[in-house]
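Heads up, structure_7.cif below (mmCIF, C-alpha atoms):
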data_upload
loop_
_atom_site.label_atom_id
_atom_site.label_comp_id
_atom_site.auth_asym_id
_atom_site.auth_seq_id
_atom_site.Cartn_x
_atom_site.Cartn_y
_atom_site.Cartn_z
CA MET A 1 -42.03 88.99 -43.19
CA ALA A 2 -44.54 86.73 -44.89
CA THR A 3 -48.07 88.10 -45.28
CA ILE A 4 -50.96 85.89 -44.17
CA THR A 5 -53.96 86.23 -46.44
CA ARG A 6 -57.36 85.39 -44.85
CA PRO A 7 -60.12 84.22 -47.18
CA ASN A 8 -62.88 86.74 -47.79
CA PRO A 9 -66.22 85.42 -46.46
CA GLY A 10 -67.82 86.28 -49.80
CA THR A 11 -65.09 84.62 -51.95
CA PRO A 12 -64.50 80.94 -52.73
CA GLY A 13 -62.85 79.23 -49.82
CA GLY A 14 -64.66 81.33 -47.23
CA PRO A 15 -67.43 80.29 -44.75
CA GLU A 16 -70.09 80.57 -47.48
CA LEU A 17 -68.39 77.83 -49.54
CA ARG A 18 -67.89 75.69 -46.48
CA ARG A 19 -71.59 75.95 -45.68
CA ARG A 20 -72.50 74.88 -49.21
CA THR A 21 -70.15 71.92 -49.08
CA HIS A 22 -71.13 70.91 -45.53
CA PRO A 23 -71.39 67.10 -45.47
CA ILE A 24 -74.98 65.82 -45.44
CA SER A 25 -73.87 63.07 -43.09
CA VAL A 26 -73.26 65.68 -40.38
CA ASP A 27 -76.85 66.94 -40.66
CA ILE A 28 -78.12 63.38 -40.44
CA ALA A 29 -75.99 62.76 -37.36
CA ARG A 30 -77.44 65.85 -35.70
CA ALA A 31 -80.99 64.67 -36.45
CA LEU A 32 -80.48 61.13 -35.11
CA PRO A 33 -81.11 62.04 -31.42
CA LEU A 34 -84.57 63.35 -32.42
CA THR A 35 -85.55 60.16 -34.23
CA PRO A 36 -86.97 58.28 -31.18
CA ALA A 37 -89.12 61.28 -30.20
CA VAL A 38 -90.42 61.67 -33.75
CA LEU A 39 -91.26 57.97 -33.96
CA LEU A 40 -93.10 58.07 -30.63
CA LEU A 41 -95.15 61.08 -31.80
CA LEU A 42 -96.02 59.31 -35.05
CA VAL A 43 -97.03 56.08 -33.33
CA PHE A 44 -98.85 57.37 -30.25
CA LEU A 45 -100.17 60.76 -31.44
CA ALA A 46 -100.49 60.94 -35.20
CA GLY A 47 -101.33 57.24 -35.50
CA PRO A 48 -104.46 57.25 -33.30
CA ILE A 49 -105.66 60.52 -34.84
CA LEU A 50 -105.37 59.14 -38.37
CA TRP A 51 -107.08 55.89 -37.33
CA CYS A 52 -109.95 57.82 -35.75
CA ILE A 53 -110.41 59.84 -38.93
CA TYR A 54 -110.54 56.59 -40.88
CA ALA A 55 -112.90 54.86 -38.42
CA ALA A 56 -115.32 57.80 -38.44
CA PHE A 57 -116.15 56.99 -42.08
CA THR A 58 -116.67 53.26 -41.47
CA ASN A 59 -119.11 51.02 -39.59
CA THR A 60 -116.40 49.73 -37.24
CA ALA A 61 -117.92 48.05 -34.19
CA LEU A 62 -116.74 46.08 -31.16
CA THR A 63 -119.49 43.49 -31.50
CA GLY A 64 -122.19 42.63 -34.01
CA ALA A 65 -122.11 42.70 -37.80
CA GLY A 66 -119.57 45.50 -38.03
CA SER A 67 -117.00 43.84 -35.77
CA GLY A 68 -115.70 41.45 -38.43
CA ASN A 69 -116.79 43.17 -41.61
CA THR A 70 -115.71 46.80 -41.55
CA GLN A 71 -117.06 48.77 -44.49
CA PHE A 72 -116.65 52.34 -45.69
CA VAL A 73 -119.92 54.21 -45.13
CA GLY A 74 -118.90 57.73 -46.10
CA LEU A 75 -120.78 60.46 -44.25
CA ASP A 76 -123.48 58.15 -42.88
CA ASN A 77 -122.20 58.43 -39.28
CA PHE A 78 -122.29 62.22 -39.44
CA ARG A 79 -125.73 62.24 -41.04
CA ALA A 80 -127.02 59.94 -38.30
CA ALA A 81 -125.49 62.18 -35.64
CA PHE A 82 -126.94 65.47 -36.90
CA SER A 83 -130.36 63.89 -37.36
CA SER A 84 -130.35 62.57 -33.77
CA ASP A 85 -132.16 64.53 -31.06
CA THR A 86 -129.85 63.01 -28.45
CA PHE A 87 -126.78 64.26 -30.29
CA ARG A 88 -128.19 67.79 -30.65
CA ASN A 89 -129.09 67.75 -26.97
CA SER A 90 -125.50 66.77 -26.13
CA VAL A 91 -124.12 69.64 -28.22
CA VAL A 92 -126.35 72.15 -26.43
CA LEU A 93 -125.45 70.76 -23.00
CA THR A 94 -121.75 70.85 -23.88
CA LEU A 95 -122.00 74.53 -24.79
CA VAL A 96 -124.03 75.31 -21.65
CA PHE A 97 -121.59 73.39 -19.44
CA THR A 98 -118.60 75.13 -21.04
CA PHE A 99 -120.15 78.58 -20.75
CA LEU A 100 -121.26 78.19 -17.14
CA SER A 101 -118.22 76.42 -15.73
CA ALA A 102 -115.40 77.91 -17.83
CA VAL A 103 -116.28 81.23 -19.50
CA VAL A 104 -118.26 82.51 -16.50
CA GLY A 105 -117.38 80.40 -13.47
CA GLN A 106 -113.65 79.64 -13.62
CA ASN A 107 -112.74 82.82 -15.47
CA LEU A 108 -114.53 85.33 -13.24
CA LEU A 109 -113.89 83.50 -9.97
CA GLY A 110 -110.22 83.06 -10.87
CA LEU A 111 -109.90 86.80 -11.56
CA GLY A 112 -111.72 87.65 -8.33
CA LEU A 113 -109.47 85.39 -6.26
CA ALA A 114 -106.35 86.81 -7.92
CA LEU A 115 -107.47 90.35 -7.07
CA LEU A 116 -108.24 89.25 -3.52
CA GLN A 117 -104.81 87.71 -3.11
CA LYS A 118 -103.12 90.83 -4.49
CA ARG A 119 -104.73 93.10 -1.91
CA SER A 120 -104.82 90.74 1.09
CA ALA A 121 -102.36 89.95 3.84
CA LYS A 122 -100.00 87.04 3.43
CA PRO A 123 -101.95 84.62 5.72
CA VAL A 124 -105.09 85.19 3.63
CA ARG A 125 -103.18 84.67 0.38
CA THR A 126 -101.68 81.46 1.70
CA LEU A 127 -105.01 80.09 2.93
CA VAL A 128 -106.80 80.90 -0.35
CA GLY A 129 -103.96 79.46 -2.43
CA ILE A 130 -103.82 76.19 -0.50
CA THR A 131 -107.61 75.74 -0.60
CA VAL A 132 -108.08 76.49 -4.30
CA ILE A 133 -104.99 74.67 -5.55
CA GLY A 134 -105.83 71.70 -3.31
CA ALA A 135 -109.13 71.29 -5.19
CA TRP A 136 -107.26 71.50 -8.49
CA VAL A 137 -104.67 68.81 -7.84
CA ILE A 138 -107.03 66.07 -6.69
CA PRO A 139 -108.06 63.58 -9.41
CA GLU A 140 -111.14 64.37 -11.44
CA VAL A 141 -112.94 61.23 -10.29
CA VAL A 142 -112.30 62.08 -6.63
CA ALA A 143 -113.65 65.59 -7.15
CA GLY A 144 -116.75 64.09 -8.78
CA TYR A 145 -117.33 61.76 -5.83
CA VAL A 146 -116.88 64.60 -3.33
CA TRP A 147 -119.55 66.66 -5.08
CA TYR A 148 -121.81 63.64 -5.49
CA ALA A 149 -121.65 63.09 -1.74
CA PHE A 150 -122.39 66.77 -1.18
CA LEU A 151 -125.32 67.16 -3.60
CA ALA A 152 -126.95 63.72 -3.52
CA LYS A 153 -130.46 63.22 -2.14
CA ASP A 154 -129.04 62.04 1.19
CA GLY A 155 -125.93 64.21 0.91
CA THR A 156 -124.44 66.90 3.11
CA LEU A 157 -126.22 69.84 1.50
CA ASN A 158 -129.66 68.30 2.00
CA GLU A 159 -128.82 67.50 5.61
CA ILE A 160 -128.25 71.23 6.12
CA LEU A 161 -131.17 72.48 4.04
CA GLY A 162 -133.56 69.81 5.27
CA THR A 163 -134.10 71.68 8.51
CA LEU A 164 -135.39 74.63 6.44
CA GLY A 165 -137.54 72.47 4.20
CA LEU A 166 -135.41 73.28 1.14
CA GLY A 167 -133.82 69.92 0.52
CA GLN A 168 -134.15 68.24 -2.89
CA ASN A 169 -132.27 65.86 -5.18
CA TRP A 170 -130.00 68.42 -6.85
CA LEU A 171 -128.43 65.84 -9.16
CA TYR A 172 -131.90 65.01 -10.49
CA THR A 173 -133.52 68.44 -10.69
CA LEU A 174 -130.51 70.56 -11.75
CA PRO A 175 -127.88 68.10 -13.04
CA ILE A 176 -126.09 70.38 -15.53
CA ILE A 177 -125.88 73.15 -12.92
CA ALA A 178 -124.55 70.67 -10.36
CA VAL A 179 -121.74 69.38 -12.60
CA SER A 180 -120.92 72.95 -13.67
CA LEU A 181 -120.47 74.02 -10.04
CA ALA A 182 -118.26 71.00 -9.41
CA ASN A 183 -116.10 71.85 -12.42
CA VAL A 184 -115.79 75.48 -11.28
CA TRP A 185 -114.69 74.31 -7.83
CA ARG A 186 -112.07 72.01 -9.30
CA GLY A 187 -110.72 74.13 -12.16
CA THR A 188 -110.65 77.70 -10.84
CA ALA A 189 -107.08 77.39 -9.57
CA PHE A 190 -105.69 77.47 -13.11
CA SER A 191 -107.35 80.81 -13.90
CA MET A 192 -106.32 82.18 -10.51
CA LEU A 193 -102.65 81.37 -11.13
CA VAL A 194 -102.77 82.84 -14.65
CA TYR A 195 -104.30 86.07 -13.40
CA ASN A 196 -101.92 86.23 -10.43
CA ALA A 197 -99.02 86.28 -12.89
CA ALA A 198 -100.71 88.90 -15.10
CA LEU A 199 -101.60 91.23 -12.23
CA SER A 200 -98.08 91.10 -10.87
CA GLU A 201 -96.83 92.58 -14.17
CA ILE A 202 -99.00 95.73 -13.95
CA PRO A 203 -96.77 98.67 -12.91
CA GLN A 204 -97.72 99.98 -9.49
CA GLU A 205 -97.30 103.55 -10.72
CA ILE A 206 -100.22 103.22 -13.14
CA GLU A 207 -102.61 102.05 -10.43
CA GLU A 208 -101.43 104.77 -8.08
CA ALA A 209 -101.97 107.40 -10.78
CA ALA A 210 -105.50 106.12 -11.42
CA GLU A 211 -106.22 106.21 -7.70
CA MET A 212 -104.94 109.79 -7.44
CA ASP A 213 -107.24 110.76 -10.34
CA GLY A 214 -110.17 109.59 -8.22
CA ALA A 215 -110.83 106.19 -9.81
CA THR A 216 -112.65 103.89 -7.41
CA GLY A 217 -111.92 100.18 -7.12
CA TRP A 218 -114.52 99.19 -9.71
CA ARG A 219 -113.53 101.92 -12.20
CA ARG A 220 -109.86 101.10 -11.72
CA LEU A 221 -110.61 97.46 -12.45
CA ARG A 222 -112.68 98.26 -15.54
CA TRP A 223 -110.59 100.98 -17.14
CA VAL A 224 -107.06 100.13 -15.98
CA THR A 225 -106.61 96.55 -14.80
CA VAL A 226 -108.73 94.61 -17.31
CA PRO A 227 -107.48 96.48 -20.43
CA MET A 228 -103.88 95.85 -19.37
CA ILE A 229 -104.43 92.10 -18.98
CA LYS A 230 -106.78 91.73 -21.95
CA ARG A 231 -104.48 89.35 -23.82
CA THR A 232 -104.13 87.21 -20.71
CA VAL A 233 -107.91 87.07 -20.34
CA THR A 234 -108.29 85.85 -23.94
CA THR A 235 -105.51 83.29 -23.56
CA ASN A 236 -106.96 82.00 -20.31
CA LEU A 237 -110.43 81.73 -21.85
CA MET A 238 -109.05 79.70 -24.75
CA LEU A 239 -107.21 77.27 -22.48
CA ILE A 240 -110.01 76.66 -19.97
CA THR A 241 -112.60 76.38 -22.76
CA LEU A 242 -110.62 73.61 -24.46
CA GLN A 243 -110.07 71.87 -21.12
CA THR A 244 -113.76 72.04 -20.23
CA LEU A 245 -114.97 70.71 -23.59
CA SER A 246 -113.22 67.40 -22.86
CA VAL A 247 -114.34 66.94 -19.23
CA PHE A 248 -115.55 63.36 -18.79
CA GLY A 249 -114.63 61.76 -15.46
CA LEU A 250 -116.23 64.46 -13.29
CA ILE A 251 -119.64 64.26 -14.99
CA TYR A 252 -119.55 60.49 -15.32
CA THR A 253 -118.84 60.07 -11.62
CA MET A 254 -121.60 62.46 -10.54
CA THR A 255 -124.48 61.71 -12.93
CA ARG A 256 -123.30 59.39 -15.74
CA GLY A 257 -125.05 61.82 -18.05
CA GLY A 258 -128.40 61.46 -16.32
CA PRO A 259 -131.05 61.56 -15.31
CA GLY A 260 -131.84 60.39 -18.81
CA THR A 261 -129.69 62.65 -20.96
CA LYS A 262 -130.03 65.88 -18.94
CA SER A 263 -126.28 66.12 -18.28
CA GLN A 264 -124.95 64.07 -21.20
CA THR A 265 -122.31 66.22 -22.84
CA LEU A 266 -120.52 65.21 -26.04
CA PRO A 267 -117.69 63.26 -24.33
CA LEU A 268 -120.25 61.13 -22.45
CA TYR A 269 -122.40 60.66 -25.57
CA MET A 270 -119.31 59.61 -27.51
CA TYR A 271 -118.32 57.14 -24.78
CA GLU A 272 -121.83 55.67 -24.65
CA GLN A 273 -122.02 55.11 -28.39
CA ALA A 274 -118.49 53.74 -28.75
CA PHE A 275 -118.24 51.47 -25.71
CA SER A 276 -121.73 50.89 -24.32
CA PHE A 277 -123.35 50.37 -27.74
CA SER A 278 -120.08 49.15 -29.38
CA GLN A 279 -120.43 51.58 -32.33
CA ILE A 280 -116.78 52.61 -32.67
CA GLY A 281 -117.26 54.24 -36.06
CA TYR A 282 -120.16 56.36 -34.88
CA GLY A 283 -118.35 57.21 -31.65
CA THR A 284 -115.24 58.42 -33.46
CA ALA A 285 -117.43 60.55 -35.72
CA ILE A 286 -118.75 62.24 -32.55
CA ALA A 287 -115.14 62.70 -31.43
CA LEU A 288 -114.35 64.52 -34.67
CA VAL A 289 -117.36 66.78 -34.15
CA LEU A 290 -116.06 67.58 -30.65
CA LEU A 291 -112.65 68.30 -32.17
CA ALA A 292 -114.31 70.66 -34.66
CA VAL A 293 -116.13 72.48 -31.85
CA GLY A 294 -112.82 72.99 -30.06
CA GLY A 295 -111.30 74.21 -33.32
CA VAL A 296 -114.05 76.81 -33.77
CA PHE A 297 -113.46 78.15 -30.25
CA SER A 298 -109.70 78.23 -30.88
CA ILE A 299 -110.13 80.22 -34.11
CA ILE A 300 -112.38 82.74 -32.36
CA TYR A 301 -109.92 83.27 -29.51
CA MET A 302 -106.93 83.45 -31.88
CA ARG A 303 -108.67 86.16 -33.91
CA LEU A 304 -109.31 88.09 -30.71
CA LEU A 305 -105.64 87.82 -29.79
CA ARG A 306 -104.58 89.11 -33.23
CA GLU A 307 -106.95 92.04 -32.95
CA ASP A 308 -105.44 92.93 -29.57
#
In structure tokens, what does this structure look like?
Amino acid sequence: MATITRPNPGTPGGPELRRRTHPISVDIARALPLTPAVLLLLVFLAGPILWCIYAAFTNTALTGAGSGNTQFVGLDNFRAAFSSDTFRNSVVLTLVFTFLSAVVGQNLLGLGLALLQKRSAKPVRTLVGITVIGAWVIPEVVAGYVWYAFLAKDGTLNEILGTLGLGQNWLYTLPIIAVSLANVWRGTAFSMLVYNAALSEIPQEIEEAAEMDGATGWRRLRWVTVPMIKRTVTTNLMLITLQTLSVFGLIYTMTRGGPGTKSQTLPLYMYEQAFSFSQIGYGTAIALVLLAVGGVFSIIYMRLLRED
């Protein structure tokens, strides 16, 4: 009987040799289906980013002298920004708005609602879920108009408080607080869903053991629940912080950055300079600063995740 000899994988003629002599044309054929997606990313994602980086170092403008004679100005746009009181005010307001509406508002309220849903009856969970998620899915501009109608001088809130002599123009006296509350109302659903998923992964036995050891609700939350979802808390904070830094439509609809510049965050300041004053180069420089702010927050949160 003839003996069939199989090639050794480590000897010539085996799979190792076939891998080395694999036709390059096959690899190209496998990559062809990805070509349209790569081209779209280059044109519509990488392209605008690269153009913005270029424009930030020029005097590009929609109208005026810079519209037909674009020149390289180096760091002049950034120098002008950091020497501007309006720009520094926008940076401070952006940080205040992000802290109030994301780090404190959406994060803590989302966790509280998730805990409420975990311990409540099904009708309560359903009602809370529909209400909170309903605010999340409506367009940003619609949410802004709803809160404008609620907080305006002749709005719903003043109609209620007017009988007590407490009515005032909330959008004029406390504009950054007003837009922060509106953003909390609209964006809390995301944090609630994230924490719902995290809480569902905590083993019931651990909570029962803590309860048997005499841990009250607050102690159980502090020493058991929060430590076990610490990575989720950090991830959620990173996501909602980056989302909040770029909020534009909500604030623009409610206050347009006013009165004056009391609620003018960086996205609104960037829009004003680029499209109202036609200074595209200066506006894109502000956009890069906003991108850098988001990058700083991302680095901080990523370091926290690595430490965990």
Exercise. Point out the residue among A:Ser298, A:Gln168, A:Thr261, A:Thr216 with the least atom-to-atom distance to A:Leu242, counting all atoms listed in the file.
Key: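 Of A:Ser298, A:Gln168, A:Thr261, A:Thr216, the one nearest A:Leu242 is A:Ser298, counting all atoms listed in the file.
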Practice problem: For atom CA of A:Pro123 and atom CA of A:Val146, determine how far apart the two atoms are, in Å to one decimal place. | Solution: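 Value for the atom CA of A:Pro123-atom CA of A:Val146 distance: 26.6 Å.
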Quiz item: For A:Ile280, which residue among A:Ala61, A:Val38, A:Val226, A:Ala29 is the nearest when counting only C-alpha atoms?
Solution: A:Ala61
Self-check item: Which of A:Ile206, A:Ala114, A:Val92, A:Leu288 sits closest to A:Tyr54 [using all atoms listed in the file]
Solution: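 Closest candidate: A:Leu288.
Atom CA of A:Leu291 is found 23.4 Å from atom CA of A:Gly258.
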Quiz prompt | Atom-to-atom span, atom CA of A:Ile251 and atom CA of A:Val103, Å | solution =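 Straight-line distance from atom CA of A:Ile251 to atom CA of A:Val103 works out to 17.9 Å.
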Quiz item: Quick one: residues within 12 Å of A:Leu151, all atoms listed in the file counted, chain neighbours fewer than 6 positions away excluded, as a count of residues only?
Solution: 23
Self-check item: Shortest interatomic distance to A:Gly134 - which of A:Leu75, A:Cys52, A:Leu250, A:Ala189, counting all atoms listed in the file
Solution: A:Ala189
Assuming the chain letters and numbering stay as they are in my file, what does the PyMOL selection byres ((chain A and resi 302) around 12) actually select? List them as a tab-separated table (two decimals) with C-alpha atoms, in the coordinates of the input.
chain	number	residue	atom	x	y	z
A	231	ARG	CA	-104.48	89.35	-23.82
A	234	THR	CA	-108.29	85.85	-23.94
A	235	THR	CA	-105.51	83.29	-23.56
A	236	ASN	CA	-106.96	82.00	-20.31
A	237	LEU	CA	-110.43	81.73	-21.85
A	238	MET	CA	-109.05	79.70	-24.75
A	239	LEU	CA	-107.21	77.27	-22.48
A	295	GLY	CA	-111.30	74.21	-33.32
A	296	VAL	CA	-114.05	76.81	-33.77
A	297	PHE	CA	-113.46	78.15	-30.25
A	298	SER	CA	-109.70	78.23	-30.88
A	299	ILE	CA	-110.13	80.22	-34.11
A	300	ILE	CA	-112.38	82.74	-32.36
A	301	TYR	CA	-109.92	83.27	-29.51
A	303	ARG	CA	-108.67	86.16	-33.91
A	304	LEU	CA	-109.31	88.09	-30.71
A	305	LEU	CA	-105.64	87.82	-29.79
A	306	ARG	CA	-104.58	89.11	-33.23
A	307	GLU	CA	-106.95	92.04	-32.95
A	308	ASP	CA	-105.44	92.93	-29.57
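The residue set within 12 Å of A:Val233, counting all atoms listed in the file and dropping same-chain residues fewer than 6 places from it, reads A:Val103, A:Val104, A:Gln106, A:Asn107, A:Leu108, A:Gly110, A:Leu111, A:Ser191, A:Met192, A:Val194, A:Tyr195, A:Asn196, A:Ala197, A:Ala198, A:Leu199, A:Thr225, A:Val226, A:Pro227, A:Leu239, A:Ile240, A:Thr241, A:Tyr301, A:Leu304, A:Leu305, A:Asp308.
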Practice problem: Rank A:Ala135, A:Val141, A:Ile202, A:Leu166 by their smallest atom-to-atom distance to A:Gly187, using all atoms listed in the file, and report the top residue only. | Solution: A:Ala135
Quiz item: Which is closer to A:Ala292 than all the others in A:Ser278, A:Leu266, A:Arg222, A:Glu205, using all atoms listed in the file?
Solution: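 Using all atoms listed in the file, the shortest distance to A:Ala292 belongs to A:Leu266.
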Exercise. Quick one: everything within 7 Å of A:Tyr282, counting all atoms listed in the file, minus sequence neighbours fewer than 4 positions away in the same chain. Send it as a list of chain:residue names.
Key: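 My reading of the contact set: A:Ala56, A:Asn77, A:Gln273, A:Ala274, A:Ile286.
The neighbours of A:Thr94 here are the residues that come within 9 Å of it, using all atoms listed in the file and leaving out any residue fewer than 5 positions away in the same chain; they are A:Asn89, A:Phe99, A:Thr244, A:Leu245, A:Ser263, A:Gln264, A:Thr265, A:Leu266, A:Pro267.
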